[in-house]
Amino acid sequence: MAQKTVRYVAGGGVIVDGDRVLVLDRPGRAEVRLPKGHLEDEETVRQAALREAREESGYTDLAVLNDLGSQCVEFDYKGRHVVRVERYFLMKPTGPGPLHAGRGEAQFDPVWMTWDEALDNLTFEAEREWVRRARRASEKRRAGQGQQ
């Protein structure tokens, strides 16, 4: 019997504060992830990325700094072949931290890590690639600000 293929688009964010990256520890699955999720209704990818980053991290005040592009990720999960086009954005907090006891969604514990710690701890290679792209974009932004 052939596997059913599921295709969808997801938006996500790499949230940074200086030399720190916010990752989501997901103890229930022994995973460390970045915030992302499906588009809902008439959302754009950017709107979905901001919504998911806010919901999962608990940081409600976020600004998008850069579009980090897209990549296609394929994997098998629960008897299905998943083809997901991901698009991520570099984001930064613009207000205070999470409103509810330092936590985002109950399944996640937001944790600040250095760039290298994030690269070492993220569970999936596709998300490590987003951190590498975010780091390059962040460094370009800082270099550009230094020349003004």
# chains A, B, ... in the order shown; residues from 1 in each chain; ligands from 1
>>> select_by_dssp(residues="chain A", states="strand (DSSP E or B)", output="compact mmCIF listing (two decimals) with N, CA and C atoms, in the first residue's frame")
# COMPACT_ATOMS: atom_id res chain seq x y z
N LYS A 4 0.37 7.83 1.97
CA LYS A 4 -0.28 9.08 1.61
C LYS A 4 0.74 10.20 1.74
N THR A 5 0.76 11.10 0.76
CA THR A 5 1.66 12.26 0.81
C THR A 5 0.86 13.46 1.28
N VAL A 6 1.40 14.13 2.28
CA VAL A 6 0.80 15.35 2.84
C VAL A 6 1.72 16.51 2.48
N ARG A 7 1.15 17.56 1.90
CA ARG A 7 1.93 18.73 1.51
C ARG A 7 1.35 19.97 2.20
N TYR A 8 2.23 20.80 2.74
CA TYR A 8 1.77 22.06 3.32
C TYR A 8 2.92 23.05 3.44
N VAL A 9 2.55 24.29 3.72
CA VAL A 9 3.51 25.38 3.91
C VAL A 9 3.50 25.74 5.38
N ALA A 10 4.70 25.98 5.92
CA ALA A 10 4.83 26.39 7.32
C ALA A 10 5.66 27.66 7.40
N GLY A 11 5.32 28.50 8.37
CA GLY A 11 6.08 29.71 8.63
C GLY A 11 6.70 29.63 10.01
N GLY A 12 7.92 30.14 10.14
CA GLY A 12 8.59 30.09 11.43
C GLY A 12 9.53 31.25 11.64
N GLY A 13 10.07 31.30 12.86
CA GLY A 13 10.96 32.39 13.19
C GLY A 13 12.20 31.95 13.94
N VAL A 14 13.30 32.62 13.65
CA VAL A 14 14.52 32.50 14.44
C VAL A 14 14.57 33.80 15.24
N ILE A 15 14.28 33.70 16.53
CA ILE A 15 14.21 34.86 17.41
C ILE A 15 15.59 35.07 18.03
N VAL A 16 16.12 36.28 17.85
CA VAL A 16 17.46 36.57 18.35
C VAL A 16 17.45 37.81 19.22
N ASP A 17 18.41 37.84 20.12
CA ASP A 17 18.64 38.99 20.97
C ASP A 17 20.16 39.10 21.12
N ARG A 20 22.28 35.80 21.16
CA ARG A 20 21.49 34.68 21.70
C ARG A 20 20.34 34.34 20.75
N VAL A 21 20.00 33.06 20.73
CA VAL A 21 18.90 32.54 19.91
C VAL A 21 17.91 31.87 20.85
N LEU A 22 16.62 32.10 20.63
CA LEU A 22 15.60 31.46 21.44
C LEU A 22 15.19 30.14 20.80
N VAL A 23 15.40 29.05 21.51
CA VAL A 23 14.97 27.74 21.04
C VAL A 23 13.89 27.22 21.98
N LEU A 24 13.17 26.22 21.53
CA LEU A 24 12.08 25.64 22.30
C LEU A 24 12.43 24.22 22.70
N ASP A 25 12.66 24.03 23.98
CA ASP A 25 12.89 22.69 24.50
C ASP A 25 11.53 22.01 24.59
N ARG A 26 11.42 20.83 24.03
CA ARG A 26 10.16 20.08 24.03
C ARG A 26 10.40 18.76 24.74
N GLU A 31 13.03 16.86 22.20
CA GLU A 31 13.43 17.65 21.03
C GLU A 31 13.75 19.08 21.45
N VAL A 32 14.61 19.71 20.66
CA VAL A 32 14.85 21.15 20.75
C VAL A 32 14.54 21.69 19.37
N ARG A 33 13.61 22.65 19.31
CA ARG A 33 13.06 23.11 18.03
C ARG A 33 13.09 24.62 17.92
N LYS A 36 7.49 27.28 14.68
CA LYS A 36 6.94 27.29 13.32
C LYS A 36 5.61 26.57 13.33
N GLY A 37 4.84 26.76 12.26
CA GLY A 37 3.57 26.04 12.15
C GLY A 37 2.87 26.32 10.84
N HIS A 38 1.75 25.61 10.67
CA HIS A 38 0.92 25.73 9.47
C HIS A 38 0.31 27.12 9.33
N LEU A 62 7.16 40.93 18.93
CA LEU A 62 8.25 40.52 18.06
C LEU A 62 8.24 41.36 16.79
N ALA A 63 9.43 41.67 16.29
CA ALA A 63 9.56 42.38 15.02
C ALA A 63 10.32 41.49 14.04
N VAL A 64 9.89 41.50 12.79
CA VAL A 64 10.58 40.78 11.73
C VAL A 64 11.70 41.67 11.20
N LEU A 65 12.91 41.12 11.18
CA LEU A 65 14.09 41.86 10.71
C LEU A 65 14.45 41.50 9.27
N ASN A 66 14.32 40.22 8.92
CA ASN A 66 14.71 39.74 7.58
C ASN A 66 13.88 38.51 7.22
N ASP A 67 13.67 38.35 5.93
CA ASP A 67 13.12 37.11 5.38
C ASP A 67 14.32 36.21 5.12
N LEU A 68 14.32 35.02 5.70
CA LEU A 68 15.46 34.10 5.56
C LEU A 68 15.31 33.13 4.40
N GLY A 69 14.21 33.26 3.65
CA GLY A 69 14.03 32.39 2.49
C GLY A 69 13.18 31.17 2.81
N SER A 70 13.29 30.19 1.94
CA SER A 70 12.49 28.97 2.12
C SER A 70 13.33 27.75 1.78
N GLN A 71 12.84 26.63 2.26
CA GLN A 71 13.44 25.34 1.90
C GLN A 71 12.34 24.28 1.98
N CYS A 72 12.52 23.23 1.21
CA CYS A 72 11.58 22.12 1.21
C CYS A 72 12.16 20.98 2.04
N VAL A 73 11.35 20.48 2.96
CA VAL A 73 11.76 19.40 3.84
C VAL A 73 10.83 18.22 3.60
N GLU A 74 11.39 17.02 3.44
CA GLU A 74 10.59 15.82 3.25
C GLU A 74 10.96 14.79 4.31
N PHE A 75 9.93 14.14 4.86
CA PHE A 75 10.16 13.11 5.87
C PHE A 75 8.92 12.22 5.98
N ASP A 76 9.10 11.08 6.59
CA ASP A 76 7.99 10.17 6.85
C ASP A 76 7.60 10.27 8.31
N TYR A 77 6.29 10.35 8.58
CA TYR A 77 5.80 10.50 9.94
C TYR A 77 4.42 9.84 10.05
N ARG A 80 2.82 8.50 6.93
CA ARG A 80 2.62 9.45 5.84
C ARG A 80 3.94 10.03 5.38
N HIS A 81 4.00 10.36 4.10
CA HIS A 81 5.16 11.07 3.57
C HIS A 81 4.80 12.55 3.58
N VAL A 82 5.58 13.36 4.28
CA VAL A 82 5.31 14.78 4.43
C VAL A 82 6.27 15.59 3.57
N VAL A 83 5.71 16.50 2.79
CA VAL A 83 6.48 17.45 2.00
C VAL A 83 6.08 18.83 2.51
N ARG A 84 7.02 19.48 3.20
CA ARG A 84 6.71 20.76 3.83
C ARG A 84 7.64 21.84 3.27
N VAL A 85 7.04 22.90 2.76
CA VAL A 85 7.82 24.07 2.35
C VAL A 85 7.83 25.00 3.56
N GLU A 86 9.04 25.26 4.06
CA GLU A 86 9.21 26.11 5.23
C GLU A 86 9.76 27.46 4.80
N ARG A 87 9.25 28.49 5.43
CA ARG A 87 9.79 29.84 5.22
C ARG A 87 9.97 30.46 6.59
N TYR A 88 11.18 30.93 6.84
CA TYR A 88 11.52 31.47 8.15
C TYR A 88 11.90 32.94 8.05
N PHE A 89 11.77 33.61 9.20
CA PHE A 89 12.09 35.03 9.30
C PHE A 89 12.97 35.25 10.52
N LEU A 90 13.93 36.15 10.39
CA LEU A 90 14.73 36.58 11.51
C LEU A 90 13.88 37.57 12.31
N MET A 91 13.76 37.33 13.61
CA MET A 91 12.91 38.16 14.47
C MET A 91 13.68 38.57 15.72
N LYS A 92 13.18 39.63 16.35
CA LYS A 92 13.74 40.03 17.65
C LYS A 92 12.60 40.46 18.56
N PRO A 93 12.77 40.24 19.87
CA PRO A 93 11.77 40.73 20.81
C PRO A 93 11.86 42.26 20.90
N ASP A 109 9.45 24.75 26.47
CA ASP A 109 10.17 25.62 27.40
C ASP A 109 11.11 26.48 26.58
N PRO A 110 10.83 27.79 26.46
CA PRO A 110 11.74 28.67 25.72
C PRO A 110 13.08 28.79 26.46
N VAL A 111 14.17 28.64 25.73
CA VAL A 111 15.51 28.69 26.30
C VAL A 111 16.40 29.55 25.39
N TRP A 112 17.09 30.54 25.99
CA TRP A 112 18.06 31.33 25.23
C TRP A 112 19.38 30.59 25.19
N MET A 113 19.97 30.49 24.01
CA MET A 113 21.27 29.84 23.82
C MET A 113 22.14 30.72 22.93
N THR A 114 23.44 30.51 22.99
CA THR A 114 24.34 31.17 22.03
C THR A 114 24.07 30.54 20.66
>>> residues_around(residues="stretch 142-145 of chain A", least_positions_apart="5", cutoff="12 Å", atoms="only C-alpha atoms", output="ChimeraX atom specification")
/A:18-19,65,135-137
>>> atom_distance(atom1="atom CA of A:Pro96", atom2="atom CA of A:Arg54")
12.3 Å
>>> atom_distance(atom1="atom CA of A:Ser138", atom2="atom CA of A:Leu34")
16.7 Å
>>> select_by_dssp(residues="chain A", states="helix (DSSP H, G or I)", output="ChimeraX atom specification")
/A:27-29,45-57,115-121,125-146
